[in-house]
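Data from run-v4.cif: mmCIF, C-alpha atoms
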data_run
#
loop_
_atom_site.label_atom_id
_atom_site.label_comp_id
_atom_site.auth_asym_id
_atom_site.auth_seq_id
_atom_site.Cartn_x
_atom_site.Cartn_y
_atom_site.Cartn_z
CA LYS A 144 -31.77 -15.36 0.65
CA THR A 145 -34.26 -17.19 -1.55
CA ARG A 146 -31.61 -19.27 -3.29
CA ASP A 147 -29.09 -20.02 -0.53
CA ASP A 148 -31.02 -19.13 2.67
CA ILE A 149 -28.44 -16.52 3.61
CA ASP A 150 -29.43 -13.33 5.43
CA LEU A 151 -26.57 -10.82 5.61
CA LEU A 152 -28.49 -8.63 8.06
CA SER A 153 -29.23 -11.42 10.57
CA PRO A 154 -25.91 -13.06 11.48
CA GLY A 155 -26.19 -16.61 12.76
CA THR A 156 -29.62 -17.31 11.23
CA SER A 157 -28.49 -18.44 7.77
CA ALA A 158 -28.21 -22.00 6.55
CA LYS A 159 -24.53 -21.35 5.78
CA GLU A 160 -22.11 -18.55 6.40
CA PRO A 161 -21.72 -16.06 3.50
CA LEU A 162 -17.95 -15.97 3.75
CA SER A 163 -17.01 -15.12 0.18
CA TYR A 164 -18.68 -14.83 -3.19
CA HIS A 165 -17.52 -13.39 -6.49
CA GLU A 166 -19.47 -10.21 -5.74
CA LEU A 167 -18.92 -9.82 -2.00
CA ALA A 168 -17.08 -11.12 1.05
CA MET A 169 -17.98 -10.82 4.72
CA ARG A 170 -15.61 -8.85 6.95
CA GLU A 171 -17.20 -9.96 10.24
CA ASP A 172 -20.91 -9.68 11.10
CA LEU A 173 -22.79 -6.77 9.50
CA ARG A 174 -19.68 -5.68 7.56
CA CYS A 175 -19.58 -6.58 3.87
CA ASP A 176 -16.93 -6.03 1.19
CA LEU A 177 -18.54 -5.37 -2.21
CA ARG A 178 -16.44 -5.82 -5.33
CA ASN A 179 -18.04 -7.24 -8.45
CA GLY A 180 -21.73 -6.40 -8.25
CA LYS A 181 -23.77 -5.02 -11.12
CA ALA A 182 -23.47 -1.39 -10.01
CA PHE A 183 -19.70 -1.65 -9.63
CA LYS A 184 -19.24 -3.17 -13.07
CA GLN A 185 -21.35 -0.42 -14.60
CA MET A 186 -19.42 2.23 -12.66
CA ARG A 187 -16.17 1.03 -14.19
CA HIS A 188 -17.27 2.65 -17.44
CA ASP A 189 -17.71 5.98 -15.64
CA VAL A 190 -15.08 8.56 -16.56
CA ASP A 191 -15.05 10.09 -13.08
CA ALA A 192 -14.45 6.71 -11.46
CA GLN A 193 -11.47 6.07 -13.72
CA ARG A 194 -10.17 9.59 -13.12
CA LEU A 195 -10.32 8.94 -9.37
CA ARG A 196 -8.20 5.79 -9.71
CA THR A 197 -5.48 7.64 -11.61
CA HIS A 198 -5.64 10.99 -9.83
CA PRO A 199 -2.13 12.45 -10.32
CA CYS A 200 -1.80 13.62 -6.68
CA ILE A 201 -2.70 10.17 -5.33
CA VAL A 202 -0.37 8.41 -7.75
CA GLN A 203 2.51 10.77 -6.96
CA ILE A 204 2.10 10.41 -3.17
CA VAL A 205 2.06 6.62 -3.35
CA LYS A 206 4.97 6.40 -5.78
CA GLN A 207 7.10 8.60 -3.52
CA ALA A 208 6.23 6.48 -0.48
CA PHE A 209 6.96 3.23 -2.34
CA ASN A 210 10.22 4.42 -3.90
CA PRO A 211 12.49 6.31 -1.48
CA LYS A 212 15.65 7.28 -3.33
CA GLY A 213 18.82 6.15 -1.60
CA ARG A 214 22.34 7.50 -2.06
CA HIS A 215 23.47 4.52 -4.13
CA TYR A 216 20.55 4.15 -6.52
CA ARG A 217 22.96 4.05 -9.47
CA GLY A 218 24.10 0.67 -8.21
CA ASN A 219 20.73 -0.91 -9.13
CA PHE A 220 22.16 -2.02 -12.47
CA GLY A 221 19.59 -4.76 -12.99
CA ARG A 222 17.04 -2.11 -13.94
CA TYR A 223 18.36 -2.36 -17.49
CA ASN A 224 16.73 -5.79 -17.76
CA PHE A 225 13.47 -6.36 -19.65
CA GLY A 226 13.63 -3.05 -21.46
CA GLY A 227 14.10 -1.07 -18.25
CA THR A 228 15.36 2.48 -17.96
CA GLY A 229 18.50 1.57 -16.08
CA PRO A 230 19.59 2.83 -12.63
CA ASP A 231 18.16 6.33 -13.01
CA GLY A 232 16.32 6.52 -9.67
CA SER A 233 12.91 6.79 -11.36
CA HIS A 234 9.81 5.48 -9.64
CA MET A 235 8.82 1.87 -10.15
CA PRO A 236 5.41 1.41 -11.84
CA LEU A 237 2.24 1.03 -9.78
CA LYS A 238 -0.63 -1.40 -10.09
CA ILE A 239 -3.99 0.22 -9.29
CA GLY A 240 -6.98 -1.95 -8.45
CA GLU A 241 -10.66 -1.48 -9.16
CA VAL A 242 -12.90 0.52 -6.82
CA GLY A 243 -14.47 -1.56 -4.05
CA ALA A 244 -16.61 -0.71 -1.04
CA VAL A 245 -16.93 -1.89 2.54
CA ILE A 246 -20.49 -1.47 3.82
CA THR A 247 -20.95 -1.35 7.60
CA VAL A 248 -24.54 -1.91 8.69
CA PRO A 249 -26.09 -0.37 11.84
CA GLY A 250 -25.46 -2.63 14.81
CA ALA A 251 -21.99 -3.68 13.63
CA ALA A 252 -19.43 -3.79 16.43
CA ASP A 253 -15.82 -2.61 16.29
CA GLN A 254 -13.78 -4.81 13.99
CA ALA A 255 -10.91 -6.92 15.31
CA ILE A 256 -7.57 -5.13 15.07
CA HIS A 257 -5.58 -6.33 12.05
CA ALA A 258 -3.18 -5.48 9.22
CA ASP A 259 -4.11 -6.04 5.57
CA THR A 260 -0.78 -7.41 4.37
CA PRO A 261 2.35 -8.95 5.92
CA HIS A 262 5.87 -7.58 5.75
CA LEU A 263 7.82 -9.03 2.83
CA PHE A 264 10.81 -9.81 5.06
CA GLU A 265 11.30 -9.80 8.80
CA HIS A 266 14.92 -8.71 9.23
CA CYS A 267 14.22 -4.99 8.73
CA ASP A 268 11.51 -2.47 7.87
CA LEU A 269 11.26 -1.89 4.12
CA PRO A 270 9.32 0.83 2.29
CA PRO A 271 5.63 0.04 1.74
CA HIS A 272 4.62 -2.17 -1.17
CA TYR A 273 0.84 -2.09 -0.67
CA ALA A 274 -1.30 0.94 0.18
CA ASN A 275 -5.01 1.50 0.47
CA LEU A 276 -6.96 4.60 -0.52
CA PHE A 277 -10.10 5.18 1.59
CA ILE A 278 -12.85 7.54 0.42
CA PRO A 279 -15.97 7.97 2.60
CA ALA A 280 -19.25 7.78 0.68
CA ALA A 281 -21.62 8.93 3.46
CA GLU A 282 -21.72 11.82 5.91
CA ASP A 283 -21.78 11.27 9.67
CA THR A 284 -25.21 11.82 11.13
CA LYS A 285 -26.63 12.68 14.52
CA TYR A 286 -30.01 11.69 15.85
CA ASN A 287 -31.97 14.80 16.85
CA GLU A 288 -33.29 13.73 20.26
CA SER A 289 -35.35 16.93 20.63
CA ASN A 290 -37.79 15.59 18.03
CA ASN A 291 -38.02 12.14 19.58
CA ASN A 292 -41.39 11.77 21.21
CA GLY A 293 -41.30 8.03 21.74
CA GLY A 294 -38.39 7.45 24.12
CA ASP A 295 -34.76 6.46 23.66
CA ASN A 296 -35.43 3.52 21.37
CA ASP A 297 -38.03 5.15 19.17
CA ASN A 298 -36.45 6.25 15.88
CA THR A 299 -39.01 8.98 15.19
CA GLY A 300 -36.61 11.88 15.53
CA ASP A 301 -34.77 13.64 12.74
CA CYS A 302 -31.49 12.44 11.25
CA ILE A 303 -29.34 15.44 10.39
CA VAL A 304 -25.81 15.77 9.04
CA THR A 305 -23.66 17.23 11.81
CA GLY A 306 -20.27 15.54 11.66
CA ASP A 307 -21.14 13.44 14.71
CA THR A 308 -19.38 10.08 15.00
CA LEU A 309 -22.33 7.68 15.45
CA LEU A 310 -21.79 6.38 11.93
CA GLY A 311 -18.23 5.39 12.80
CA GLY A 312 -15.10 5.23 10.69
CA THR A 313 -11.70 3.55 10.84
CA ALA A 314 -9.16 3.64 13.67
CA PHE A 315 -5.40 3.40 13.03
CA VAL A 316 -2.52 2.58 15.38
CA VAL A 317 0.21 5.11 14.62
CA GLY A 318 3.65 3.62 13.90
CA SER A 319 2.46 0.01 13.92
CA HIS A 320 3.69 -0.57 10.36
CA SER A 321 7.14 -0.93 11.96
CA LEU A 322 8.12 -4.48 12.96
CA PRO A 323 9.58 -3.64 16.41
CA VAL A 324 6.71 -1.27 17.25
CA CYS A 325 4.04 -3.77 16.25
CA GLU A 326 5.82 -6.52 18.19
CA GLN A 327 5.74 -4.37 21.31
CA LEU A 328 2.12 -3.30 20.88
CA MET A 329 0.76 -6.81 20.25
CA ASP A 330 2.78 -8.64 22.94
CA ASP A 331 0.38 -11.31 24.29
CA ASN A 332 2.77 -12.13 27.13
CA ASP A 333 2.75 -8.64 28.62
CA GLU A 334 1.08 -9.09 32.00
CA THR A 335 1.61 -5.47 33.04
CA GLY A 336 -0.89 -4.08 30.53
CA ALA A 337 1.73 -1.69 29.16
CA ALA A 338 1.33 -2.98 25.59
CA ARG A 339 -2.44 -2.42 25.64
CA LEU A 340 -2.09 1.05 27.12
CA GLU A 341 0.52 2.04 24.52
CA ARG A 342 -1.67 0.61 21.75
CA GLU A 343 -4.60 2.71 22.97
CA ARG A 344 -2.38 5.79 23.24
CA ARG A 345 -1.31 5.40 19.63
CA THR A 346 -4.82 4.79 18.27
CA VAL A 347 -6.28 7.64 16.22
CA ARG A 348 -9.74 7.91 14.66
CA PRO A 349 -9.51 10.34 11.72
CA SER A 350 -12.68 12.31 11.01
CA ILE A 351 -12.99 12.22 7.23
CA ARG A 352 -15.92 13.53 5.23
CA ILE A 353 -17.22 13.14 1.70
CA GLY A 354 -14.56 14.58 -0.59
CA ASP A 355 -11.69 13.55 1.70
CA ALA A 356 -9.19 10.81 0.92
CA LEU A 357 -6.99 8.79 3.27
CA ILE A 358 -3.98 6.71 2.18
CA PHE A 359 -2.32 4.22 4.51
CA ASP A 360 0.36 1.54 4.47
CA CYS A 361 -1.48 -1.79 4.57
CA ARG A 362 0.98 -3.12 7.18
CA LEU A 363 -0.50 -0.60 9.64
CA LEU A 364 -2.71 -1.99 12.41
CA HIS A 365 -6.27 -0.72 12.08
CA PHE A 366 -9.90 -1.65 12.63
CA GLY A 367 -13.29 -0.50 11.42
CA LEU A 368 -15.38 1.19 14.10
CA GLY A 369 -18.90 0.07 14.88
CA ASN A 370 -21.94 1.70 13.32
CA ARG A 371 -24.14 3.09 16.12
CA SER A 372 -26.41 5.09 13.82
CA LYS A 373 -29.92 5.58 15.21
CA CYS A 374 -31.04 6.56 11.73
CA ASN A 375 -30.59 3.06 10.28
CA GLN A 376 -27.86 4.49 8.05
CA ARG A 377 -25.32 2.19 6.45
CA ARG A 378 -21.70 3.34 6.21
CA PRO A 379 -20.23 2.84 2.72
CA LEU A 380 -16.48 3.30 2.40
CA LEU A 381 -14.93 3.23 -1.07
CA TYR A 382 -11.42 1.82 -1.36
CA ILE A 383 -8.75 1.36 -4.02
CA ASN A 384 -5.73 -0.95 -3.61
CA LEU A 385 -2.38 0.36 -4.88
CA THR A 386 0.63 -1.94 -5.04
CA HIS A 387 3.99 -2.33 -6.70
CA GLU A 388 3.46 -3.81 -10.15
CA TRP A 389 5.09 -7.10 -9.18
CA PHE A 390 2.97 -7.66 -6.05
CA VAL A 391 0.16 -10.23 -6.19
CA ASP A 392 -2.65 -9.84 -3.65
CA PRO A 393 -3.63 -13.31 -2.41
CA LYS A 394 -7.31 -12.29 -2.23
CA ASN A 395 -8.81 -13.69 -5.44
CA TRP A 396 -12.29 -12.43 -6.29
CA ASP A 397 -12.62 -14.21 -9.62
CA ASP A 398 -12.85 -17.86 -8.61
CA ARG A 399 -15.76 -17.62 -6.17
CA GLU A 400 -19.35 -18.79 -6.49
CA LYS A 401 -21.45 -16.11 -8.16
CA LEU A 402 -24.58 -14.66 -6.59
CA PHE A 403 -25.68 -13.06 -9.86
CA PRO A 404 -24.45 -15.09 -12.87
CA ASP A 405 -26.32 -12.82 -15.29
CA VAL A 406 -24.05 -9.91 -14.31
CA GLU A 407 -21.30 -11.47 -16.41
CA ALA A 408 -23.10 -10.14 -19.45
CA ILE A 409 -22.03 -6.64 -18.35
CA ALA A 410 -18.61 -5.53 -19.59
CA THR A 411 -16.15 -5.25 -16.74
CA GLY A 412 -14.33 -2.11 -17.85
CA GLY A 413 -10.61 -1.61 -18.16
CA GLY A 414 -9.53 -3.80 -15.27
CA MET A 415 -6.21 -3.26 -13.52
CA ILE A 416 -4.41 0.01 -14.28
CA HIS A 417 -0.62 0.31 -14.39
CA ALA A 418 0.77 3.79 -13.70
#
Conversion result in structure tokens:
Amino acid sequence: KTRDDIDLLSPGTSAKEPLSYHELAMREDLRCDLRNGKAFKQMRHDVDAQRLRTHPCIVQIVKQAFNPKGRHYRGNFGRYNFGGTGPDGSHMPLKIGEVGAVITVPGAADQAIHADTPHLFEHCDLPPHYANLFIPAAEDTKYNESNNNGGDNDNTGDCIVTGDTLLGGTAFVVGSHSLPVCEQLMDDNDETGAARLERERRTVRPSIRIGDALIFDCRLLHFGLGNRSKCNQRRPLLYINLTHEWFVDPKNWDDREKLFPDVEAIATGGGMIHA
């Protein structure tokens, strides 16, 4: 704020919009994507963080989803190229990104519905090529109104962990990774309201806690829920991108203006992992 007159917690009051820096990018008001800050770069030396990225169960699930084995896999003769193993039906290698985090601040509204990546081709539905691993880093809380002596807007009550949903989460539209399904659900010309009703019917809001993990195809329609916490609690969500080795994510975090140039003195860890 001192340097650029940017206040992430007061949308619309800054001298310029904090759209994207090397360390963070805004994902709508009061929702921030952290990637290359000091704490993250230090964490990349942590053994547990690296173990999480290469957890064998996660890797196996994603590889199976990315590489369905068809009846004629032996016809993929080009797999001998570049020192390949040949048409043996083995899984293609994965590219595993660094750990990032989306922080949703109290007062944030529901995010606009979106998908994180396009289909590679539009003539048919192919297996996924890009998945996201979500890991919650905070418990849901509930405001204990019985201890509130100052009225509805007085945050003097207790904040206790109960599994309540005030903190929010992420909503997913089941089946929307399919081209024909998504086309039907997002039909702007539907004057009957049937598309909206079907979209709402398919929307699920998984209740995941610390220690849980959620993997989804990045073509799936989804949106972050608002944070209605009365305890002024931020909602951190850790994420890891997993893609086919050949896929290049167009989001480039390395060529942005830096908020903290001195952080470059910190080693950045092992970088991208190939599994």
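Between atom CA of Ile278 of chain A and atom CA of Arg170 of chain A lies a distance of 17.9 Å.
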Residue contacts of Ala314 of chain A (6 Å, all atoms listed in the file) excluding same-chain residues fewer than 6 positions away, as a ChimeraX atom specification: /A:347-348,365-366
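Between Gln203 of chain A and the candidates A:Asn370, A:Gln327, A:Ser233, A:Gln376, the tightest atom-to-atom separation, counting all atoms listed in the file, involves A:Ser233.
Nearest residue to Cys374 of chain A among A:Leu340, A:Leu310, A:Ala182, A:Cys361 is A:Leu310, counting only C-alpha atoms.
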Ground truth for the PyMOL selection byres ((chain A and resi 417) around 6), written as an MDAnalysis selection string: chainID A and resid 237:238 416 418
Answer key for the PyMOL selection byres ((chain A and resi 363) around 7), residues as a PyMOL selection string: chain A and resi 258+316+319-320+360-362+364-365
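Between atom CA of Asn275 of chain A and atom CA of Pro379 of chain A there is a distance of 15.4 Å.
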Nearest candidate to Gln207 of chain A (options A:Ala274, A:Ala356, A:Leu152, A:Ile256; using only C-alpha atoms): A:Ala274
Can I get a file of segment 255-281 of chain A from the given structure, N, CA and C atoms kept, as a PDB file, in the first residue's frame?
ATOM      1  N   ALA A 255     -17.800 -15.661  -9.951  1.00  0.00           N
ATOM      2  CA  ALA A 255     -18.490 -15.942 -11.213  1.00  0.00           C
ATOM      3  C   ALA A 255     -18.207 -17.380 -11.639  1.00  0.00           C
ATOM      4  N   ILE A 256     -19.201 -18.046 -12.184  1.00  0.00           N
ATOM      5  CA  ILE A 256     -19.022 -19.419 -12.637  1.00  0.00           C
ATOM      6  C   ILE A 256     -18.036 -19.435 -13.806  1.00  0.00           C
ATOM      7  N   HIS A 257     -17.130 -20.439 -13.809  1.00  0.00           N
ATOM      8  CA  HIS A 257     -16.085 -20.465 -14.831  1.00  0.00           C
ATOM      9  C   HIS A 257     -15.466 -21.855 -14.909  1.00  0.00           C
ATOM     10  N   ALA A 258     -14.658 -22.074 -15.940  1.00  0.00           N
ATOM     11  CA  ALA A 258     -13.794 -23.253 -16.049  1.00  0.00           C
ATOM     12  C   ALA A 258     -12.364 -22.759 -16.148  1.00  0.00           C
ATOM     13  N   ASP A 259     -11.412 -23.553 -15.650  1.00  0.00           N
ATOM     14  CA  ASP A 259     -10.022 -23.097 -15.574  1.00  0.00           C
ATOM     15  C   ASP A 259      -9.225 -23.324 -16.849  1.00  0.00           C
ATOM     16  N   THR A 260      -9.721 -24.172 -17.740  1.00  0.00           N
ATOM     17  CA  THR A 260      -8.989 -24.434 -18.979  1.00  0.00           C
ATOM     18  C   THR A 260      -9.980 -24.798 -20.080  1.00  0.00           C
ATOM     19  N   PRO A 261      -9.671 -24.492 -21.328  1.00  0.00           N
ATOM     20  CA  PRO A 261     -10.574 -24.878 -22.423  1.00  0.00           C
ATOM     21  C   PRO A 261     -10.354 -26.331 -22.838  1.00  0.00           C
ATOM     22  N   HIS A 262     -11.306 -26.849 -23.604  1.00  0.00           N
ATOM     23  CA  HIS A 262     -11.112 -28.141 -24.261  1.00  0.00           C
ATOM     24  C   HIS A 262     -10.038 -27.971 -25.332  1.00  0.00           C
ATOM     25  N   LEU A 263      -9.267 -29.010 -25.562  1.00  0.00           N
ATOM     26  CA  LEU A 263      -8.225 -28.952 -26.584  1.00  0.00           C
ATOM     27  C   LEU A 263      -8.834 -28.914 -27.983  1.00  0.00           C
ATOM     28  N   PHE A 264      -9.900 -29.685 -28.187  1.00  0.00           N
ATOM     29  CA  PHE A 264     -10.608 -29.720 -29.463  1.00  0.00           C
ATOM     30  C   PHE A 264     -12.104 -29.715 -29.181  1.00  0.00           C
ATOM     31  N   GLU A 265     -12.881 -29.368 -30.182  1.00  0.00           N
ATOM     32  CA  GLU A 265     -14.307 -29.170 -29.951  1.00  0.00           C
ATOM     33  C   GLU A 265     -15.194 -30.148 -30.711  1.00  0.00           C
ATOM     34  N   HIS A 266     -14.576 -31.178 -31.314  1.00  0.00           N
ATOM     35  CA  HIS A 266     -15.382 -32.142 -32.065  1.00  0.00           C
ATOM     36  C   HIS A 266     -15.829 -33.312 -31.196  1.00  0.00           C
ATOM     37  N   CYS A 267     -15.169 -33.501 -30.043  1.00  0.00           N
ATOM     38  CA  CYS A 267     -15.551 -34.597 -29.151  1.00  0.00           C
ATOM     39  C   CYS A 267     -14.932 -34.348 -27.773  1.00  0.00           C
ATOM     40  N   ASP A 268     -15.429 -35.077 -26.783  1.00  0.00           N
ATOM     41  CA  ASP A 268     -14.877 -34.984 -25.429  1.00  0.00           C
ATOM     42  C   ASP A 268     -13.672 -35.916 -25.307  1.00  0.00           C
ATOM     43  N   LEU A 269     -12.536 -35.352 -24.967  1.00  0.00           N
ATOM     44  CA  LEU A 269     -11.318 -36.121 -24.746  1.00  0.00           C
ATOM     45  C   LEU A 269     -11.094 -36.324 -23.254  1.00  0.00           C
ATOM     46  N   PRO A 270     -10.197 -37.238 -22.867  1.00  0.00           N
ATOM     47  CA  PRO A 270      -9.841 -37.364 -21.457  1.00  0.00           C
ATOM     48  C   PRO A 270      -9.253 -36.049 -20.943  1.00  0.00           C
ATOM     49  N   PRO A 271      -9.256 -35.848 -19.640  1.00  0.00           N
ATOM     50  CA  PRO A 271      -8.699 -34.602 -19.096  1.00  0.00           C
ATOM     51  C   PRO A 271      -7.197 -34.486 -19.348  1.00  0.00           C
ATOM     52  N   HIS A 272      -6.737 -33.253 -19.462  1.00  0.00           N
ATOM     53  CA  HIS A 272      -5.307 -32.994 -19.627  1.00  0.00           C
ATOM     54  C   HIS A 272      -4.783 -32.081 -18.522  1.00  0.00           C
ATOM     55  N   TYR A 273      -5.702 -31.552 -17.693  1.00  0.00           N
ATOM     56  CA  TYR A 273      -5.344 -30.577 -16.677  1.00  0.00           C
ATOM     57  C   TYR A 273      -6.281 -30.791 -15.490  1.00  0.00           C
ATOM     58  N   ALA A 274      -5.716 -31.102 -14.337  1.00  0.00           N
ATOM     59  CA  ALA A 274      -6.512 -31.307 -13.129  1.00  0.00           C
ATOM     60  C   ALA A 274      -5.979 -30.406 -12.024  1.00  0.00           C
ATOM     61  N   ASN A 275      -6.836 -30.131 -11.075  1.00  0.00           N
ATOM     62  CA  ASN A 275      -6.453 -29.338  -9.918  1.00  0.00           C
ATOM     63  C   ASN A 275      -6.684 -30.148  -8.654  1.00  0.00           C
ATOM     64  N   LEU A 276      -5.749 -30.048  -7.738  1.00  0.00           N
ATOM     65  CA  LEU A 276      -5.869 -30.663  -6.417  1.00  0.00           C
ATOM     66  C   LEU A 276      -6.140 -29.552  -5.418  1.00  0.00           C
ATOM     67  N   PHE A 277      -7.275 -29.611  -4.722  1.00  0.00           N
ATOM     68  CA  PHE A 277      -7.647 -28.642  -3.696  1.00  0.00           C
ATOM     69  C   PHE A 277      -7.464 -29.266  -2.320  1.00  0.00           C
ATOM     70  N   ILE A 278      -6.850 -28.510  -1.414  1.00  0.00           N
ATOM     71  CA  ILE A 278      -6.645 -28.963  -0.034  1.00  0.00           C
ATOM     72  C   ILE A 278      -7.009 -27.813   0.900  1.00  0.00           C
ATOM     73  N   PRO A 279      -8.093 -27.921   1.675  1.00  0.00           N
ATOM     74  CA  PRO A 279      -8.467 -26.829   2.578  1.00  0.00           C
ATOM     75  C   PRO A 279      -7.422 -26.639   3.674  1.00  0.00           C
ATOM     76  N   ALA A 280      -7.164 -25.391   4.023  1.00  0.00           N
ATOM     77  CA  ALA A 280      -6.162 -25.080   5.050  1.00  0.00           C
ATOM     78  C   ALA A 280      -6.785 -24.373   6.241  1.00  0.00           C
ATOM     79  N   ALA A 281      -8.117 -24.405   6.361  1.00  0.00           N
ATOM     80  CA  ALA A 281      -8.797 -23.815   7.519  1.00  0.00           C
ATOM     81  C   ALA A 281     -10.094 -24.573   7.748  1.00  0.00           C
TER      82      ALA A 281
END
